[in-house]
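**Student:** I have a structure I would like to understand better, so I am pasting it below and will then ask my questions one at a time.
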Amino acid sequence: MVNNPQMVELQKLTAKHFTKETGIKVKFTTLPENDVRDKIGQDFANQAGQYDAATISNYEAPIYAKNEWLEPLDRYTKKDKAFDQEDILPSLRESLTGEDG
């Protein structure tokens, strides 16, 4: 993920909340924005499988969607009673909504 302050904070909160709740340990790779964009793009394009998950921006989302590099998360969110799609900022939802809705 990109090494901006928000993502660094997410990294700190992951162990305290996600790992504590699930037992899953997460190993982060944090890089400057252009480096992370190149590294993730190469990994996905080559299907190298170096990463189980990656953070991308609304810039990459349509490119990754067109290349079928994105995985729907519906099966996970439907099981999570605490998940509410409305918690995601409307501008973010709209910027990530594809032509198919």
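Here, A, B, ... name the chains of the structure tokens in the order displayed, residue numbers run from 1 inside each chain, and ligands are numbered from 1 in the same displayed order.
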Could you list, as a list in words, every residue within 10 Å of segment 43-52 of chain A, counting only C-alpha atoms and ignoring same-chain residues fewer than 4 positions away?

**Tutor:**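 The residues that qualify are Val26, Lys27, Phe28, Thr29, Asp38, Lys39, Tyr64, Asn67, Glu68, Trp69 and Leu70 of chain A.
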
**Student:** Could you take the residues named above and write them with N, CA, C and O atoms, as a PDB file, in the first residue's frame?

**Tutor:**
```
ATOM      1  N   VAL A  26      -1.158  -9.781   9.307  1.00  0.00           N
ATOM      2  CA  VAL A  26      -1.026  -9.133   8.008  1.00  0.00           C
ATOM      3  C   VAL A  26       0.379  -8.557   7.871  1.00  0.00           C
ATOM      4  O   VAL A  26       0.851  -7.858   8.757  1.00  0.00           O
ATOM      5  N   LYS A  27       1.027  -8.887   6.766  1.00  0.00           N
ATOM      6  CA  LYS A  27       2.336  -8.319   6.466  1.00  0.00           C
ATOM      7  C   LYS A  27       2.138  -7.260   5.381  1.00  0.00           C
ATOM      8  O   LYS A  27       1.658  -7.564   4.283  1.00  0.00           O
ATOM      9  N   PHE A  28       2.466  -6.021   5.715  1.00  0.00           N
ATOM     10  CA  PHE A  28       2.274  -4.911   4.794  1.00  0.00           C
ATOM     11  C   PHE A  28       3.547  -4.615   4.016  1.00  0.00           C
ATOM     12  O   PHE A  28       4.644  -4.698   4.554  1.00  0.00           O
ATOM     13  N   THR A  29       3.374  -4.250   2.760  1.00  0.00           N
ATOM     14  CA  THR A  29       4.433  -3.661   1.960  1.00  0.00           C
ATOM     15  C   THR A  29       3.986  -2.231   1.705  1.00  0.00           C
ATOM     16  O   THR A  29       2.931  -2.017   1.103  1.00  0.00           O
ATOM     17  N   ASP A  38       3.377   0.829  -9.629  1.00  0.00           N
ATOM     18  CA  ASP A  38       4.131  -0.023 -10.557  1.00  0.00           C
ATOM     19  C   ASP A  38       4.228  -1.459 -10.051  1.00  0.00           C
ATOM     20  O   ASP A  38       4.008  -2.410 -10.798  1.00  0.00           O
ATOM     21  N   LYS A  39       4.562  -1.631  -8.780  1.00  0.00           N
ATOM     22  CA  LYS A  39       4.778  -2.968  -8.204  1.00  0.00           C
ATOM     23  C   LYS A  39       3.484  -3.797  -8.212  1.00  0.00           C
ATOM     24  O   LYS A  39       3.486  -4.960  -8.607  1.00  0.00           O
ATOM     25  N   TYR A  64      -8.097  -1.966 -13.540  1.00  0.00           N
ATOM     26  CA  TYR A  64      -8.064  -3.304 -12.955  1.00  0.00           C
ATOM     27  C   TYR A  64      -9.369  -4.050 -13.254  1.00  0.00           C
ATOM     28  O   TYR A  64      -9.342  -5.255 -13.498  1.00  0.00           O
ATOM     29  N   ASN A  67      -9.314  -5.367 -16.755  1.00  0.00           N
ATOM     30  CA  ASN A  67      -8.400  -6.515 -16.868  1.00  0.00           C
ATOM     31  C   ASN A  67      -8.838  -7.707 -16.011  1.00  0.00           C
ATOM     32  O   ASN A  67      -8.118  -8.702 -15.952  1.00  0.00           O
ATOM     33  N   GLU A  68      -9.983  -7.570 -15.345  1.00  0.00           N
ATOM     34  CA  GLU A  68     -10.543  -8.614 -14.481  1.00  0.00           C
ATOM     35  C   GLU A  68      -9.584  -9.001 -13.360  1.00  0.00           C
ATOM     36  O   GLU A  68      -9.440 -10.171 -13.009  1.00  0.00           O
ATOM     37  N   TRP A  69      -8.955  -7.983 -12.765  1.00  0.00           N
ATOM     38  CA  TRP A  69      -8.039  -8.192 -11.649  1.00  0.00           C
ATOM     39  C   TRP A  69      -8.706  -7.935 -10.303  1.00  0.00           C
ATOM     40  O   TRP A  69      -8.056  -8.016  -9.271  1.00  0.00           O
ATOM     41  N   LEU A  70      -9.981  -7.619 -10.303  1.00  0.00           N
ATOM     42  CA  LEU A  70     -10.688  -7.323  -9.054  1.00  0.00           C
ATOM     43  C   LEU A  70     -11.584  -8.485  -8.670  1.00  0.00           C
ATOM     44  O   LEU A  70     -12.149  -9.161  -9.533  1.00  0.00           O
TER      45      LEU A  70
END
```

**Student:** Would you mind listing what lies within 12 Å of Asp35 of chain A as a list in words, with only C-alpha atoms counted and same-chain residues fewer than 6 positions away left out?

**Tutor:**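 Listing them by chain and then by number gives Met1, Val2, Asn3, Thr29, Gly41 and Gln42 of chain A.
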
**Student:** Write the residues of the preceding selection, restricted to all heavy atoms, as a PDB file, in the first residue's frame.

**Tutor:**
```pdb
ATOM      1  N   MET A   1       0.840  -1.177   0.000  1.00  0.00           N
ATOM      2  CA  MET A   1       0.000   0.000   0.000  1.00  0.00           C
ATOM      3  C   MET A   1       0.879   1.232   0.000  1.00  0.00           C
ATOM      4  O   MET A   1       2.061   1.158   0.315  1.00  0.00           O
ATOM      5  CB  MET A   1      -0.952  -0.015   1.177  1.00  0.00           C
ATOM      6  CG  MET A   1      -0.313   0.125   2.524  1.00  0.00           C
ATOM      7  SD  MET A   1      -1.582  -0.017   3.802  1.00  0.00           S
ATOM      8  CE  MET A   1      -0.554   0.042   5.216  1.00  0.00           C
ATOM      9  N   VAL A   2       0.280   2.340  -0.376  1.00  0.00           N
ATOM     10  CA  VAL A   2       1.015   3.596  -0.410  1.00  0.00           C
ATOM     11  C   VAL A   2       1.359   4.015   1.022  1.00  0.00           C
ATOM     12  O   VAL A   2       0.629   3.715   1.959  1.00  0.00           O
ATOM     13  CB  VAL A   2       0.198   4.676  -1.161  1.00  0.00           C
ATOM     14  CG1 VAL A   2      -1.025   5.111  -0.402  1.00  0.00           C
ATOM     15  CG2 VAL A   2       1.068   5.845  -1.528  1.00  0.00           C
ATOM     16  N   ASN A   3       2.492   4.653   1.185  1.00  0.00           N
ATOM     17  CA  ASN A   3       2.958   4.989   2.533  1.00  0.00           C
ATOM     18  C   ASN A   3       2.526   6.382   2.997  1.00  0.00           C
ATOM     19  O   ASN A   3       3.299   7.101   3.601  1.00  0.00           O
ATOM     20  CB  ASN A   3       4.476   4.826   2.632  1.00  0.00           C
ATOM     21  CG  ASN A   3       5.233   5.787   1.741  1.00  0.00           C
ATOM     22  OD1 ASN A   3       4.649   6.452   0.906  1.00  0.00           O
ATOM     23  ND2 ASN A   3       6.534   5.842   1.899  1.00  0.00           N
ATOM     24  N   THR A  29       3.374  -4.250   2.760  1.00  0.00           N
ATOM     25  CA  THR A  29       4.433  -3.661   1.960  1.00  0.00           C
ATOM     26  C   THR A  29       3.986  -2.231   1.705  1.00  0.00           C
ATOM     27  O   THR A  29       2.931  -2.017   1.103  1.00  0.00           O
ATOM     28  CB  THR A  29       4.614  -4.398   0.619  1.00  0.00           C
ATOM     29  OG1 THR A  29       4.940  -5.754   0.880  1.00  0.00           O
ATOM     30  CG2 THR A  29       5.689  -3.760  -0.223  1.00  0.00           C
ATOM     31  N   GLY A  41       0.771  -3.233 -10.100  1.00  0.00           N
ATOM     32  CA  GLY A  41       0.374  -3.448 -11.491  1.00  0.00           C
ATOM     33  C   GLY A  41       1.138  -4.586 -12.136  1.00  0.00           C
ATOM     34  O   GLY A  41       0.561  -5.425 -12.833  1.00  0.00           O
ATOM     35  N   GLN A  42       2.438  -4.634 -11.907  1.00  0.00           N
ATOM     36  CA  GLN A  42       3.257  -5.717 -12.463  1.00  0.00           C
ATOM     37  C   GLN A  42       2.860  -7.071 -11.872  1.00  0.00           C
ATOM     38  O   GLN A  42       2.758  -8.063 -12.590  1.00  0.00           O
ATOM     39  CB  GLN A  42       4.738  -5.460 -12.194  1.00  0.00           C
ATOM     40  CG  GLN A  42       5.319  -4.343 -13.021  1.00  0.00           C
ATOM     41  CD  GLN A  42       6.766  -4.044 -12.643  1.00  0.00           C
ATOM     42  OE1 GLN A  42       7.452  -4.884 -12.072  1.00  0.00           O
ATOM     43  NE2 GLN A  42       7.224  -2.845 -12.959  1.00  0.00           N
TER      44      GLN A  42
END
```
